[in-house]
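Asks: Here you go, this is run18.cif (mmCIF, C-alpha atoms, pLDDT in the B column; chains and numbers go by the auth columns).
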```cif
data_coords
#
loop_
_atom_site.group_PDB
_atom_site.id
_atom_site.type_symbol
_atom_site.label_atom_id
_atom_site.label_comp_id
_atom_site.label_asym_id
_atom_site.label_seq_id
_atom_site.Cartn_x
_atom_site.Cartn_y
_atom_site.Cartn_z
_atom_site.B_iso_or_equiv
_atom_site.auth_seq_id
_atom_site.auth_asym_id
ATOM 1 C CA SER A 1 -13.820 21.683 -30.673 66.00 2 A
ATOM 2 C CA LEU A 2 -11.205 21.906 -27.926 70.00 3 A
ATOM 3 C CA LEU A 3 -10.617 25.573 -28.708 69.00 4 A
ATOM 4 C CA ILE A 4 -14.345 26.286 -28.497 68.00 5 A
ATOM 5 C CA ASP A 5 -14.561 24.443 -25.159 67.00 6 A
ATOM 6 C CA ILE A 6 -11.683 26.497 -23.771 67.00 7 A
ATOM 7 C CA GLN A 7 -13.248 29.737 -24.967 65.00 8 A
ATOM 8 C CA ASN A 8 -16.617 28.788 -23.455 64.00 9 A
ATOM 9 C CA ASN A 9 -14.908 27.855 -20.189 66.00 10 A
ATOM 10 C CA LEU A 10 -13.138 31.220 -20.074 63.00 11 A
ATOM 11 C CA LYS A 11 -16.425 33.027 -20.781 66.00 12 A
ATOM 12 C CA ALA A 12 -18.147 31.062 -18.034 65.00 13 A
ATOM 13 C CA GLN A 13 -15.396 31.946 -15.551 64.00 14 A
ATOM 14 C CA GLN A 14 -15.842 35.625 -16.369 71.00 15 A
ATOM 15 C CA SER A 15 -19.591 35.528 -15.747 70.00 16 A
ATOM 16 C CA ALA A 16 -21.175 36.889 -12.561 72.00 17 A
ATOM 17 C CA GLY A 17 -22.830 33.535 -11.880 72.00 18 A
ATOM 18 C CA PHE A 18 -19.504 31.732 -11.894 65.00 19 A
ATOM 19 C CA ALA A 19 -17.968 34.363 -9.638 69.00 20 A
ATOM 20 C CA HIS A 20 -20.856 33.921 -7.183 75.00 21 A
ATOM 21 C CA TRP A 21 -20.516 30.126 -7.273 71.00 22 A
ATOM 22 C CA ALA A 22 -16.737 30.340 -6.783 72.00 23 A
ATOM 23 C CA LYS A 23 -17.130 32.681 -3.830 77.00 24 A
ATOM 24 C CA LEU A 24 -19.679 30.343 -2.182 83.00 25 A
ATOM 25 C CA ASN A 25 -17.542 27.299 -2.893 82.00 26 A
ATOM 26 C CA ASN A 26 -14.476 29.000 -1.397 79.00 27 A
ATOM 27 C CA LEU A 27 -16.447 29.948 1.715 83.00 28 A
ATOM 28 C CA LYS A 28 -17.717 26.381 2.123 88.00 29 A
ATOM 29 C CA GLN A 29 -14.199 25.039 1.736 86.00 30 A
ATOM 30 C CA ALA A 30 -12.893 27.547 4.298 86.00 31 A
ATOM 31 C CA ALA A 31 -15.679 26.544 6.707 90.00 32 A
ATOM 32 C CA ARG A 32 -14.873 22.826 6.294 90.00 33 A
ATOM 33 C CA THR A 33 -11.211 23.585 6.915 90.00 34 A
ATOM 34 C CA MET A 34 -11.984 25.611 10.042 91.00 35 A
ATOM 35 C CA ASN A 35 -14.294 22.847 11.330 92.00 36 A
ATOM 36 C CA PHE A 36 -11.570 20.252 10.795 92.00 37 A
ATOM 37 C CA LEU A 37 -8.994 22.368 12.608 92.00 38 A
ATOM 38 C CA THR A 38 -11.398 23.008 15.497 92.00 39 A
ATOM 39 C CA GLU A 39 -12.522 19.376 15.784 94.00 40 A
ATOM 40 C CA HIS A 40 -8.927 18.170 15.896 93.00 41 A
ATOM 41 C CA GLY A 41 -7.750 20.913 18.248 93.00 42 A
ATOM 42 C CA ILE A 42 -5.178 22.271 15.817 92.00 43 A
ATOM 43 C CA THR A 43 -4.284 25.836 16.732 91.00 44 A
ATOM 44 C CA SER A 44 -1.083 26.473 14.774 91.00 45 A
ATOM 45 C CA TYR A 45 0.375 25.761 11.378 90.00 46 A
ATOM 46 C CA ALA A 46 3.314 23.936 12.976 92.00 47 A
ATOM 47 C CA GLU A 47 0.893 21.655 14.800 94.00 48 A
ATOM 48 C CA LEU A 48 -0.903 20.912 11.509 93.00 49 A
ATOM 49 C CA GLU A 49 2.415 20.018 9.888 94.00 50 A
ATOM 50 C CA SER A 50 3.478 17.809 12.808 95.00 51 A
ATOM 51 C CA ARG A 51 0.164 15.918 12.760 95.00 52 A
ATOM 52 C CA LEU A 52 0.444 15.478 9.008 95.00 53 A
ATOM 53 C CA ALA A 53 3.989 14.153 9.471 96.00 54 A
ATOM 54 C CA ALA A 54 2.798 11.753 12.204 96.00 55 A
ATOM 55 C CA VAL A 55 -0.063 10.409 10.089 96.00 56 A
ATOM 56 C CA THR A 56 2.233 10.122 7.071 97.00 57 A
ATOM 57 C CA GLY A 57 4.715 8.181 9.197 97.00 58 A
ATOM 58 C CA ARG A 58 1.946 5.867 10.403 96.00 59 A
ATOM 59 C CA ARG A 59 0.834 5.303 6.807 97.00 60 A
ATOM 60 C CA ASP A 60 4.389 4.578 5.637 97.00 61 A
ATOM 61 C CA THR A 61 5.049 2.207 8.545 97.00 62 A
ATOM 62 C CA ALA A 62 1.824 0.308 7.870 97.00 63 A
ATOM 63 C CA HIS A 63 2.694 0.124 4.175 97.00 64 A
ATOM 64 C CA ALA A 64 6.188 -1.235 4.892 97.00 65 A
ATOM 65 C CA SER A 65 4.806 -3.810 7.358 97.00 66 A
ATOM 66 C CA LEU A 66 2.163 -4.800 4.830 97.00 67 A
ATOM 67 C CA LYS A 67 4.816 -5.376 2.158 97.00 68 A
ATOM 68 C CA GLU A 68 6.923 -7.467 4.586 97.00 69 A
ATOM 69 C CA THR A 69 3.901 -9.565 5.532 97.00 70 A
ATOM 70 C CA GLU A 70 2.960 -10.090 1.885 97.00 71 A
ATOM 71 C CA ALA A 71 6.539 -11.132 1.105 97.00 72 A
ATOM 72 C CA ARG A 72 6.498 -13.648 3.971 96.00 73 A
ATOM 73 C CA ILE A 73 3.130 -15.007 2.780 97.00 74 A
ATOM 74 C CA ALA A 74 4.556 -15.474 -0.727 96.00 75 A
ATOM 75 C CA GLU A 75 7.675 -17.165 0.652 95.00 76 A
ATOM 76 C CA LEU A 76 5.642 -19.442 2.910 95.00 77 A
ATOM 77 C CA SER A 77 3.319 -20.367 0.040 95.00 78 A
ATOM 78 C CA LEU A 78 6.354 -21.313 -2.023 95.00 79 A
ATOM 79 C CA VAL A 79 7.754 -23.425 0.826 95.00 80 A
ATOM 80 C CA MET A 80 4.374 -25.138 1.209 96.00 81 A
ATOM 81 C CA LYS A 81 4.264 -25.888 -2.517 96.00 82 A
ATOM 82 C CA HIS A 82 7.760 -27.392 -2.566 95.00 83 A
ATOM 83 C CA ALA A 83 7.180 -29.237 0.723 95.00 84 A
ATOM 84 C CA GLY A 84 4.034 -30.811 -0.724 95.00 85 A
ATOM 85 C CA THR A 85 5.954 -31.948 -3.780 95.00 86 A
ATOM 86 C CA TYR A 86 8.805 -33.217 -1.598 95.00 87 A
ATOM 87 C CA ARG A 87 6.486 -35.219 0.659 95.00 88 A
ATOM 88 C CA ARG A 88 4.510 -36.611 -2.282 95.00 89 A
ATOM 89 C CA LEU A 89 7.618 -37.843 -4.127 95.00 90 A
ATOM 90 C CA LYS A 90 9.756 -38.864 -1.112 95.00 91 A
ATOM 91 C CA PRO A 91 8.598 -42.527 -1.170 96.00 92 A
ATOM 92 C CA LEU A 92 9.497 -42.750 -4.880 95.00 93 A
ATOM 93 C CA TYR A 93 12.939 -41.278 -4.223 94.00 94 A
ATOM 94 C CA ASP A 94 13.493 -43.655 -1.296 95.00 95 A
ATOM 95 C CA ARG A 95 12.614 -46.609 -3.558 94.00 96 A
ATOM 96 C CA TYR A 96 15.090 -45.232 -6.133 93.00 97 A
ATOM 97 C CA ARG A 97 17.872 -44.966 -3.548 91.00 98 A
ATOM 98 C CA HIS A 98 17.276 -48.531 -2.319 92.00 99 A
ATOM 99 C CA SER A 99 16.839 -50.118 -5.744 92.00 100 A
ATOM 100 C CA ARG A 100 19.472 -52.531 -6.980 91.00 101 A
ATOM 101 C CA ASP A 101 19.332 -51.351 -10.612 90.00 102 A
ATOM 102 C CA LYS A 102 19.268 -47.560 -10.267 88.00 103 A
ATOM 103 C CA GLU A 103 19.578 -46.954 -14.016 90.00 104 A
ATOM 104 C CA LYS A 104 16.512 -49.044 -14.828 91.00 105 A
ATOM 105 C CA PHE A 105 14.512 -47.452 -11.997 91.00 106 A
ATOM 106 C CA LEU A 106 15.612 -43.980 -13.114 89.00 107 A
ATOM 107 C CA ARG A 107 14.471 -44.614 -16.709 89.00 108 A
ATOM 108 C CA GLY A 108 10.990 -45.537 -15.468 89.00 109 A
ATOM 109 C CA HIS A 109 10.619 -42.692 -12.952 92.00 110 A
ATOM 110 C CA GLU A 110 12.982 -39.995 -14.204 93.00 111 A
ATOM 111 C CA SER A 111 10.541 -37.073 -14.151 94.00 112 A
ATOM 112 C CA GLY A 112 9.402 -37.771 -10.572 95.00 113 A
ATOM 113 C CA ILE A 113 12.976 -38.041 -9.315 94.00 114 A
ATOM 114 C CA ILE A 114 14.020 -34.825 -11.091 95.00 115 A
ATOM 115 C CA ILE A 115 11.030 -32.980 -9.632 96.00 116 A
ATOM 116 C CA PHE A 116 11.799 -34.340 -6.147 95.00 117 A
ATOM 117 C CA GLU A 117 15.437 -33.220 -6.354 95.00 118 A
ATOM 118 C CA ALA A 118 14.399 -29.778 -7.609 96.00 119 A
ATOM 119 C CA ALA A 119 11.939 -29.425 -4.718 95.00 120 A
ATOM 120 C CA ALA A 120 14.662 -30.465 -2.244 95.00 121 A
ATOM 121 C CA ARG A 121 17.076 -27.877 -3.711 95.00 122 A
ATOM 122 C CA GLU A 122 14.443 -25.122 -3.513 95.00 123 A
ATOM 123 C CA LEU A 123 13.634 -26.007 0.093 94.00 124 A
ATOM 124 C CA LYS A 124 17.341 -25.722 0.953 94.00 125 A
ATOM 125 C CA LYS A 125 17.523 -22.325 -0.802 94.00 126 A
ATOM 126 C CA LEU A 126 14.499 -21.139 1.168 92.00 127 A
ATOM 127 C CA GLY A 127 16.008 -22.343 4.435 91.00 128 A
ATOM 128 C CA ALA A 128 13.222 -24.839 5.073 89.00 129 A
ATOM 129 C CA VAL A 129 15.507 -27.611 6.256 86.00 130 A
ATOM 130 C CA PRO A 130 14.503 -29.482 8.348 89.00 131 A
ATOM 131 C CA LEU A 131 11.124 -29.556 6.686 90.00 132 A
ATOM 132 C CA PRO A 132 8.487 -27.759 8.785 90.00 133 A
ATOM 133 C CA SER A 133 5.234 -29.548 9.462 93.00 134 A
ATOM 134 C CA THR A 134 2.242 -28.790 7.272 92.00 135 A
ATOM 135 C CA GLU A 135 0.201 -27.816 10.327 95.00 136 A
ATOM 136 C CA SER A 136 2.766 -25.271 11.510 95.00 137 A
ATOM 137 C CA MET A 137 3.007 -23.728 8.036 95.00 138 A
ATOM 138 C CA GLU A 138 -0.786 -23.554 7.692 96.00 139 A
ATOM 139 C CA LYS A 139 -1.043 -21.994 11.147 97.00 140 A
ATOM 140 C CA GLU A 140 1.606 -19.382 10.308 96.00 141 A
ATOM 141 C CA LEU A 141 -0.081 -18.671 6.973 96.00 142 A
ATOM 142 C CA SER A 142 -3.403 -18.192 8.744 97.00 143 A
ATOM 143 C CA GLU A 143 -1.830 -15.818 11.283 97.00 144 A
ATOM 144 C CA LEU A 144 -0.089 -13.885 8.510 97.00 145 A
ATOM 145 C CA THR A 145 -3.347 -13.538 6.596 97.00 146 A
ATOM 146 C CA VAL A 146 -5.072 -12.102 9.677 97.00 147 A
ATOM 147 C CA GLN A 147 -2.108 -9.774 10.229 97.00 148 A
ATOM 148 C CA LYS A 148 -2.213 -8.706 6.571 97.00 149 A
ATOM 149 C CA ASP A 149 -5.914 -7.857 6.807 97.00 150 A
ATOM 150 C CA ALA A 150 -5.313 -5.763 9.947 97.00 151 A
ATOM 151 C CA LEU A 151 -2.375 -3.972 8.344 97.00 152 A
ATOM 152 C CA LEU A 152 -4.388 -3.334 5.196 97.00 153 A
ATOM 153 C CA THR A 153 -7.180 -1.768 7.247 97.00 154 A
ATOM 154 C CA GLU A 154 -4.658 0.349 9.166 97.00 155 A
ATOM 155 C CA TYR A 155 -2.939 1.405 5.935 97.00 156 A
ATOM 156 C CA ARG A 156 -6.198 2.417 4.257 97.00 157 A
ATOM 157 C CA THR A 157 -7.284 4.404 7.317 97.00 158 A
ATOM 158 C CA ALA A 158 -3.942 6.188 7.563 96.00 159 A
ATOM 159 C CA ARG A 159 -3.920 6.866 3.825 97.00 160 A
ATOM 160 C CA SER A 160 -7.340 8.529 3.959 96.00 161 A
ATOM 161 C CA GLU A 161 -6.251 10.568 6.999 95.00 162 A
ATOM 162 C CA VAL A 162 -3.143 11.711 5.128 96.00 163 A
ATOM 163 C CA GLN A 163 -5.288 12.783 2.186 95.00 164 A
ATOM 164 C CA GLU A 164 -7.593 14.664 4.542 94.00 165 A
ATOM 165 C CA TYR A 165 -4.702 16.428 6.309 95.00 166 A
ATOM 166 C CA GLU A 166 -3.039 17.267 2.987 94.00 167 A
ATOM 167 C CA THR A 167 -6.291 18.790 1.725 92.00 168 A
ATOM 168 C CA VAL A 168 -6.648 20.837 4.901 92.00 169 A
ATOM 169 C CA LYS A 169 -3.022 21.978 4.673 93.00 170 A
ATOM 170 C CA LYS A 170 -3.528 23.010 1.036 92.00 171 A
ATOM 171 C CA ASN A 171 -6.695 24.894 1.984 88.00 172 A
ATOM 172 C CA VAL A 172 -4.909 26.645 4.853 90.00 173 A
ATOM 173 C CA ASN A 173 -2.076 27.603 2.507 89.00 174 A
ATOM 174 C CA ASP A 174 -4.586 28.927 -0.031 85.00 175 A
ATOM 175 C CA LEU A 175 -6.463 30.882 2.634 82.00 176 A
ATOM 176 C CA LEU A 176 -3.304 32.341 4.100 82.00 177 A
ATOM 177 C CA SER A 177 -1.979 33.378 0.705 82.00 178 A
ATOM 178 C CA TYR A 178 -5.361 34.921 -0.204 72.00 179 A
ATOM 179 C CA TYR A 179 -5.485 36.978 2.990 69.00 180 A
ATOM 180 C CA GLN A 180 -1.814 37.910 2.607 72.00 181 A
ATOM 181 C CA ARG A 181 -2.601 39.275 -0.879 71.00 182 A
ATOM 182 C CA GLU A 182 -5.593 41.181 0.520 68.00 183 A
ATOM 183 C CA ILE A 183 -3.409 42.778 3.200 68.00 184 A
ATOM 184 C CA GLU A 184 -0.803 43.758 0.609 72.00 185 A
ATOM 185 C CA LEU A 185 -3.500 45.271 -1.619 67.00 186 A
ATOM 186 C CA ASP A 186 -4.886 47.238 1.326 70.00 187 A
ATOM 187 C CA ARG A 187 -1.397 48.584 2.109 72.00 188 A
ATOM 188 C CA GLU A 188 -0.862 49.611 -1.488 74.00 189 A
ATOM 189 C CA TYR A 189 -4.271 51.275 -1.571 71.00 190 A
ATOM 190 C CA GLN A 190 -3.555 53.203 1.621 70.00 191 A
ATOM 191 C CA LEU A 191 -0.270 54.517 0.246 62.00 192 A
#
```
Please rewrite the model in this file as structure tokens.

Replies:
Amino acid sequence: SLLIDIQNNLKAQQSAGFAHWAKLNNLKQAARTMNFLTEHGITSYAELESRLAAVTGRRDTAHASLKETEARIAELSLVMKHAGTYRRLKPLYDRYRHSRDKEKFLRGHESGIIIFEAAARELKKLGAVPLPSTESMEKELSELTVQKDALLTEYRTARSEVQEYETVKKNVNDLLSYYQREIELDREYQL
């Protein structure tokens, strides 16, 4: 079946209809490329490459900033989780510290005390000592979410521009190589 498909594809490519379609498609692609170059005021290959490099740099910068923002959001979410646990269990831990019979109190509330101590250790590891207020963390998280959305929009825009410039550059390369071959064939024919 695959062999038959390949043979049929080769036959179709050798047909006059396919040749006509390919020629029209190549002309349309060349016209789109020329329109893009004209609309963007690109007059040289070096200028095309420099614009592609600039857009690629913008895309990469937006991507790196997006990753940093996402990492900070994840870190802040973790701090908020541990801070919530810390605040919820702090009264229990204070009662434990002030109890006269710590062993008896520990047996009755061991899991809560262990969870509190683990949350306190994690907050120290994350550098959240002294404990930030819930409002300040929620405000920062809100600002980071807005920043992430803006960076995501910028990244997507830059990524599509890079794809567009790369397509144009490929088309220019194809056109230049095609015309270079035509010139070489003309020279050989004239000799």

Asks: Report, in Å to a single decimal, how far apart atom CA of A:Asp61 and atom CA of A:Lys170 are.

Replies: 18.9 Å

Asks: Given the choices A:Leu177, A:Ala32, A:Leu124, A:Val147, which gets closest to A:Tyr87 if the distance is worked out from all atoms listed in the file?

Replies: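 Of the candidates, the smallest distance to A:Tyr87 is held by A:Leu124.
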
Asks: Extract, using only C-alpha atoms, all DNA, RNA and protein residues at most 10 Å from A:Ala31, discarding same-chain residues fewer than 5 positions from it, and format them as number ranges by chain.

Replies: A: 25-26, 36-37, 169, 172-173, 175-176

Asks: Those residues with C-alpha atoms, as a compact mmCIF listing (two decimals), in the coordinates of the input please?

Replies:
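Full text of selection.txt as output:
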```
# COMPACT_ATOMS: atom_id res chain seq x y z
CA LEU A 25 -19.68 30.34 -2.18
CA ASN A 26 -17.54 27.30 -2.89
CA ASN A 36 -14.29 22.85 11.33
CA PHE A 37 -11.57 20.25 10.80
CA VAL A 169 -6.65 20.84 4.90
CA ASN A 172 -6.70 24.89 1.98
CA VAL A 173 -4.91 26.64 4.85
CA ASP A 175 -4.59 28.93 -0.03
CA LEU A 176 -6.46 30.88 2.63
```

Asks: Would you compute an axis-aligned box for stretch 146-153 of chain A, covering every atom listed for it in the file with 5 Å of margin on each side, and report centre and edge lengths in Å to one decimal as lines of an AutoDock Vina configuration file?

Replies:
```
center_x = -4.0
center_y = -8.4
center_z = 7.7
size_x = 13.8
size_y = 20.2
size_z = 15.0
```

Asks: Can you pull out the residues contacting A:Phe106? Cut-off 12 Å, using only C-alpha atoms, and skip same-chain residues under 6 positions away; I want them as a ChimeraX atom specification.

Replies: /A:93-100,112-114

Asks: Given all atoms listed in the file as the basis, pick out the residue of A:Ser51, A:Thr62, A:Asn27, A:Ser16 nearest to A:Arg160.

Replies: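 Of A:Ser51, A:Thr62, A:Asn27, A:Ser16, the one nearest A:Arg160, counting all atoms listed in the file, is A:Thr62.
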
Asks: Name the closest residue to A:Ala55 among the candidates A:Asp150, A:Glu76, A:Glu162, A:Glu139; distances are taken between atoms, counting all atoms listed in the file.

Replies: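 When distances to A:Ala55 are compared using all atoms listed in the file, the smallest one comes from A:Glu162.
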
Asks: Enter the distance from atom CA of A:Arg73 to atom CA of A:Gln148, in Å, rounded to one decimal.

Replies: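 Between atom CA of A:Arg73 and atom CA of A:Gln148 the gap is 11.3 Å.
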
Asks: From the set A:Leu67, A:Ala47, A:Ile116, A:Leu132, which residue has the shortest atom-to-atom contact distance to A:Thr154, counting all atoms listed in the file?

Replies: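 So, comparing all the options, the nearest one is A:Leu67.
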
Asks: Using all atoms listed in the file, pick whichever of A:Ser78, A:Gln15, A:Thr135, A:Thr34 has the shortest atom-to-atom distance to A:Thr168.

Replies: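 Closest residue, counting all atoms listed in the file: A:Thr34.
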
Asks: Rounded to one decimal, what separation in Å do you get between atom CA of A:Arg52 and atom CA of A:Lys24?

Replies: 29.2 Å

Asks: Restricting the calculation to only C-alpha atoms, which member of A:Val80, A:Ala151, A:Leu142, A:Leu107 is positioned closest to A:Arg122?

Replies: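 Going through A:Val80, A:Ala151, A:Leu142, A:Leu107 one by one, the smallest distance to A:Arg122 is for A:Val80.
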
Asks: Please identify all polymer residues within 10 Å of A:Leu153, counting all atoms listed in the file, omitting same-chain residues fewer than 4 positions from it, and present them as JSON, numbers by chain.

Replies: {"A": [63, 64, 66, 67, 68, 147, 148, 149, 157, 158, 159]}

Asks: May I have the residues within 12 Å of A:Ser161 as a list in words, using all atoms listed in the file and disregarding those fewer than 5 positions away in the same chain?

Replies: Leu53, Val56, Thr57, Arg59, Arg60, Thr154, Glu155, Tyr156, Tyr166, Glu167 and Thr168 of chain A
